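Data block below; observations after.
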Amino acid sequence: MMFFRHRLSTVPFVALALWSVSVFPAAAQTQAQRVESKDFIVGPEDVLEVQVWDNKDLNQVVFVRPDGKTSLPLVGEIQAAGKTVQELQDYLSAVYAKTIKGAAVTVIIKEIKSRPVYFVGGFGKPGAMQLTRDLTLLQAVALVGGVTPGADAERGFVLRQDKQIPIDFTKLTQKGDLTQNIKLEPGDSVVAPLADLVYLQGEVKAPGSVKYTQDLTVVRAITMAGGLTPLAAGGRVDILRGKGEKKERIRVDVDKMMRAGDENRDVLVKPDDIILVPQRLF
């Protein structure tokens, strides 16, 4: 038993920290998300906890500055960014050993701020997410609340440095196309552009807006809005097109368009068109 106690006293604190996380996984999932992985690479703006075994006065919580450096007592200014947790522990242990016999240093990442991925546009929770672990695009999209109905999901993309990677979120999330399920990297920007809209007013069952697509027609737009009400004057539907007060008014006969075999072709709409369906005259 004496031998066991002696060996335990020399075990670096990080081993005990790892043991506690494995035994109590729920308690470890705090907002700070401590990281004990020795291979984690420290980056600018990360928050570190440095512990010197059996020297509590030297324990510090420090911030890695944007230039990648930080300062510690008895050590001074050091370059922290770019080193793994293990490399930083070894370096600090060697430096502290010059003044403290047998110094053993533990470095814990208390807060990760150096690995952001940005979600822009039509997501449930747009904004920045820190990559505290490896994530695929599909996993990350689920964590930010999915793609919203108002997004142009087919024209999404990931910006990675100077490269743009096209993403069809509909195929990825609804059709299971895993060829687009890329692994995210720090600094990525995931973009789901907000879709253009077409607006429907008057005698349709669900007035409001529908998402514009290149093949959207008047009849399809009305169908997406629930169809015409019994009071609709389908032969006198107007499309208002253009910006400002001077809008072009295009009269279309939706009743004829809906008749089987009729030669009157459906009409393609454009972004921001307003489809007005008047009431029948009595």
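Going through the structure tokens in order, the chains are called A, B, and so on, while each chain numbers its residues from 1 and the ligands are numbered from 1 in the order shown.
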List every residue of stretch 25-261 of chain A that DSSP, applied to the backbone of this structure, assigns to strand (DSSP E or B), and report them as a ChimeraX atom specification.
/A:35,41,47-52,60-63,69-72,76-79,84,105-111,116-121,123,127-130,136,147,151,156-160,163-167,183,189-192,194,197-202,204,208-211,217,228,232,237-241,248-252
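Close contacts of A:Lys270, defined as residues with an atom at most 8 Å away when counting only C-alpha atoms, with chain neighbours fewer than 5 positions off set aside, comprise Val198, Tyr212 and Arg241 of chain A.
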Any chance you can output those residues with N, CA and C atoms as a PDB file, in the first residue's frame?
ATOM      1  N   VAL A 198     -41.684  34.840 -53.674  1.00  0.00           N
ATOM      2  CA  VAL A 198     -42.804  35.310 -54.484  1.00  0.00           C
ATOM      3  C   VAL A 198     -43.990  35.427 -53.535  1.00  0.00           C
ATOM      4  N   TYR A 212     -38.931  31.137 -54.114  1.00  0.00           N
ATOM      5  CA  TYR A 212     -38.731  31.193 -55.560  1.00  0.00           C
ATOM      6  C   TYR A 212     -37.736  30.138 -56.010  1.00  0.00           C
ATOM      7  N   ARG A 241     -44.923  43.295 -60.991  1.00  0.00           N
ATOM      8  CA  ARG A 241     -43.486  43.037 -61.141  1.00  0.00           C
ATOM      9  C   ARG A 241     -42.722  44.353 -61.189  1.00  0.00           C
TER      10      ARG A 241
END
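In this structure, atom CA of A:Met129 sits 8.1 Å away from atom CA of A:Arg115.
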DSSP-assigned alpha helix (DSSP H) among stretch 57-270 of chain A, expressed as a VMD selection string
chain A and resid 85 to 96 137 to 143 169 to 174 218 to 224 254 to 258
For stretch 58-61 of chain A, work out the shell of residues within 12 Å, counting only C-alpha atoms and skipping chain neighbours fewer than 2 positions away, then give it as a PyMOL selection string.
chain A and resi 46-56+63-64+70-75+92+96+100+103-111
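If you count only C-alpha atoms and ignore residues fewer than 5 places along the chain from A:Val269, what sits within 7 Å of it is Leu216, Thr217 and Val218 of chain A.
Among the candidate residues A:Val117, A:Val85, A:Leu159, A:Leu276, the one lying nearest to A:Leu131 is A:Val117, with distances computed using only C-alpha atoms.
Counting only C-alpha atoms, the residue from A:Arg236, A:Arg251, A:Arg220, A:Arg65 that sits nearest to A:Asp266 is A:Arg220.
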Neighbouring residues of A:Arg265 were defined as those with any atom within 10 Å, considering only C-alpha atoms; residues of the same chain fewer than 6 positions away were excluded. Please report them as a VMD selection string.
chain A and resid 217 252 to 254 256 to 258
